[in-house]
Each structure stands twice: as C-alpha cells, then as structure tokens.
Amino acid sequence: MAPILVTGAAGFIGYHVCQFLLDRGETVIGLDNLNAYYDVKLKVSRLVTLQRHPQFTFHRIDLADRSAMENLFQSQSFDRVIHLAAQAGVRYSLQNPHSYIDSNIVGFLNILEGCRYRGVQHLVFASSSSVYGMNRNVPFSVSDQVDHPVSLYAATKKSNELMAHTYSHLYGIPTTGLRFFTVYGSWGRPDMAMFRFTQAILSGQPIEIYNHGQMKRDFTYIDDIVDGVIRVLDRPPLPHSQPHSQFVDPNLSTAPYRIYNIGNHQPVHLLHFIEVLEATLGIKAQKRFLPMQPGDVLETYADIESLRQDTGFEPTTPIEVGIPRFVDWYRRYYGIPSPTLDAPASRTAVPQVISA
C-alpha cells in the first residue's frame with residue numbers, strides 16, 4: 001500500500017498514531033517542524049523512537065512553507081493523510097496570534113492543496129472541542145451550531161472544518177474532522193494540565209487551578225484517541241443524502257465529509273482529577289486558586305454517539321487507570337524514582353533526529 005502521511009509526527013497524538021500504524025505494518029512518512037512551543041527534546045525523543053522502525057521516514061518541514069509542501073506531495077504518493085500538526089494551546093493564542101494563522105490556516109490550505117492535486121483518498125484532520133466555545137448544551141453534539149468561539153485557536157479549528165468541507169464539495173476529497181477532548185497520557189504535552197500538575201507536585205511547587213477549580217473536562221486517554229483515529233481512517237466518508245430543508249444538520253453534507261467528537265463521554269470535575277493524581281503520586285498538592293482565564297470554557301462533554309454508530313468506537317480508560325499510566329511513564333522518562341524504589345531509572349542519550 002502507498003505510505004500514509006502523518007503531520008505533527010513528533011507531537012503527542014501524532015507520535016502515538018505513527019506507532020500504531022507502524023505496528024500494523026503500514027509505511028509512514030512523518031512531518032514536523034519541531035518548533036519550540038514546548039520542550040524540543042521531548043519531540044526529538046518521540047522521533048528517535050519512531051525512527052527505529054524501518055518503515056518510517058521523517059521530513060522536517062513547516063506547514064506554512066508552500067514550496068516545501070508542494071515538493072513533498074510531488075515526490076510522494078500518499079493515498080491517506082492524517083493531519084495532526086497545528087499550533088496548539090488556547091492561552092498561547094492570546095499572545096501569539098500570528099503563529100496560529102501561519103500554521104493552522106495557511107498550513108492547512110497547503111495540506112488541502114496537496115490532497116487535491118495528488119488525489120488523496122482520505123484526509124483525516126484534527127479539530128478540537130474548543131470549537132464549541134460559548135455553547136451551553138451538554139453533552140456537546142456534532143449537530144450543534146459552533147459559531148461562537150472564545151479563542152483564536154478555536155476559530156482556526158472551526159475554519160479548518162469549513163475549509164475541508166469546501167474541498168470535499170468542490171473536488172470530491174473525502175475528509176473527516178476529529179474534535180479531540182482533553183487528551184492525556186504517556187509522552188503527553190508539557191503545556192497541558194496532566195503534565196504541568198505532575199511536574200509541579202513532584203517538585204514541591206503549587207499548581208495553578210483556574211476558576212477556583214469549578215470546571216469539568218472530558219479527559220480522554222491517548223490509547224482511546226488512537227483507536228478512534230484509526231477507526232475513522234479506515235472508513236472514508238460517503239456523501240450523505242439529506243432532505244432539502246432549512247433545518248439541515250450541520251454535520252451532514254452531500255459532500256464526502258464528516259465531523260466526529262472523540263472523547264471519553266465522562267466529564268470529570270477538575271478537583272477530582274487532581275485528587276486521583278495526588279493519590280497516584282502519594283503527595284498532596286499545594287493549590288493556588290485563580291479566576292477564570294480568557295478563552296477557557298467551564299465544561300467539556302463529548303457526545304460520541306455518531307462515532308460509536310459509524311465505527312464502533314468505545315472509550316475504555318477511566319482516569320483511575322489513565323493517570324497511573326501517565327505517572328509511570330513520567331517517572332521513567334525523567335528518571336524519578338517511585339516511592340517504592342531506591343534509585344531512578346537511567347535514561348539513554350537521545351540520538352540526533354534523521355530527516356529525509
């Protein structure tokens with residue numbers, strides 16, 4: 001089979017998706033620009049692991065580099081693309097808006113153009129639960145209107161959904177967007193709560209808890225996310241035959257296009273999440289309660305019924321299982337002994353990443 005292009009291969013979700021695809025015998029071409037939004041050493045460590053597979057090739061390219069992206073698509077024959085690269089982070093978008101336009105809008109256009117001219121059979125792309133913005137209907141449904149984002153990051157993700165639909169309609173490219181809900185797990189992102197809280201608690205620093213802890217998140221373990229991504233990848237969408245009506249479901253289209261929520265379908269109170277983390281670490285956190293931050297939402301809660309019906313997706317990892325898995329990885333990666341061990345595990349030197 002033709003290789004699969006995975007953008008954001010050095011990222012959290014991209015790394016795990018690549019691992020799964022390689023393990024099932026696929027040839028994977030990974031793309032990433034290795035930017036410094038968070039610790040580049042962590043990204044390099046992920047890549048080094050992937051490069052142990054003979055069927056993995058890495059290209060260090062910026063999505064916004066039109067010429068480099070055109071050359072990549074012209075030199076390779078992709079039949080499937082999983083687009084996970086993006087400038088992430090809600091709060092970061094308040095200080096660095098241009099990076100979101102460059103990566104999430106210009107970069108996504110370059111992906112769409114590549115898919116258009118190379119006849120890609122299925123484009124799966126990352127959206128976000130943040131698109132629900134000011135929506136107060138819970139659980140969040142893909143049939144809900146999402147016209148009131150509360151961050152530029154969310155606005156770019158909504159824009160991606162609109163852009164993808166346009167290309168599906170005009171050029172017949174099957175596209176599927178995935179709205180991820182608060183992903184956590186091993187090899188996770190240092191800017192997210194799971195990682196930040198663990199790091200602070202182990203170093204004896206206070207953790208910052210926004211809106212005084214009165215928030216809920218649909219925490220979703222990375223293994224469940226990967227399962228959903230692969231199930232979607234293997235099922236390109238077909239055009240939907242919908243009746244002519246002014247009340248049209250925004251998730252249904254006569255183009256080969258779909259949007260799905262991928263979440264745990266079990267929102268967890270933030271303070272309970274912290275309690276489970278404290279119990280896992282065996283350390284009580286010092287808590288610093290702060291007001292609500294601009295761009296944040298009070299609750300996320302995924303309605304996953306359409307994904308369940310279409311693919312059989314069913315998340316299986318509660319936080320009581322997922323958090324200990326993350327902590328175990330964190331201790332091993334950073335050489336931090338658990339309370340029952342006498343010495344930290346040694347870490348091997350990180351080799352240099354090889355780019356094609």
# chains A, B, ... in the order shown; residues from 1 in each chain; ligands from 1
>>> residues_around(residues="region 77-85 of chain A", least_positions_apart="3", cutoff="6 Å", atoms="only C-alpha atoms", output="MDAnalysis selection string")
chainID A and resid 2:8 120:126
>>> select_by_dssp(residues="region 92-335 of chain A", states="alpha helix (DSSP H)", output="ChimeraX atom specification")
/A:92-95,97-100,107-118,152-171,193-202,222-233,270-281,305-311,319-334
>>> closest_residue(among="A:Ile222, A:Cys18, A:Ile101, A:Leu252", to="Leu238 (chain A)", atoms="only C-alpha atoms")
A:Leu252
>>> select_by_dssp(residues="region 42-234 of chain A", states="strand (DSSP E)", output="ChimeraX atom specification")
/A:56-60,80-83,122-128,175-180,183-184,207-210,216-217,220-221
>>> closest_residue(among="A:Gly282, A:Pro315, A:Pro337, A:Pro174", to="Asp227 (chain A)", atoms="only C-alpha atoms")
A:Pro315
>>> residues_around(residues="Thr317 (chain A)", least_positions_apart="5", cutoff="8 Å", atoms="only C-alpha atoms", output="PyMOL selection string")
chain A and resi 220-221+224+264+322
>>> closest_atom_pairs(of="region 169-283 of chain A", to="region 103-116 of chain A", cutoff="12 Å", atoms="only C-alpha atoms", output="CSV")
residue,atom,partner,partner_atom,distance
A:His169,CA,A:Arg116,CA,11.6
A:Leu170,CA,A:Arg116,CA,9.7
A:Tyr171,CA,A:Arg116,CA,6.9
A:Gly172,CA,A:Arg116,CA,8.7
A:Ile173,CA,A:Arg116,CA,7.0
A:Pro174,CA,A:Cys115,CA,9.8
A:Thr175,CA,A:Leu112,CA,9.7
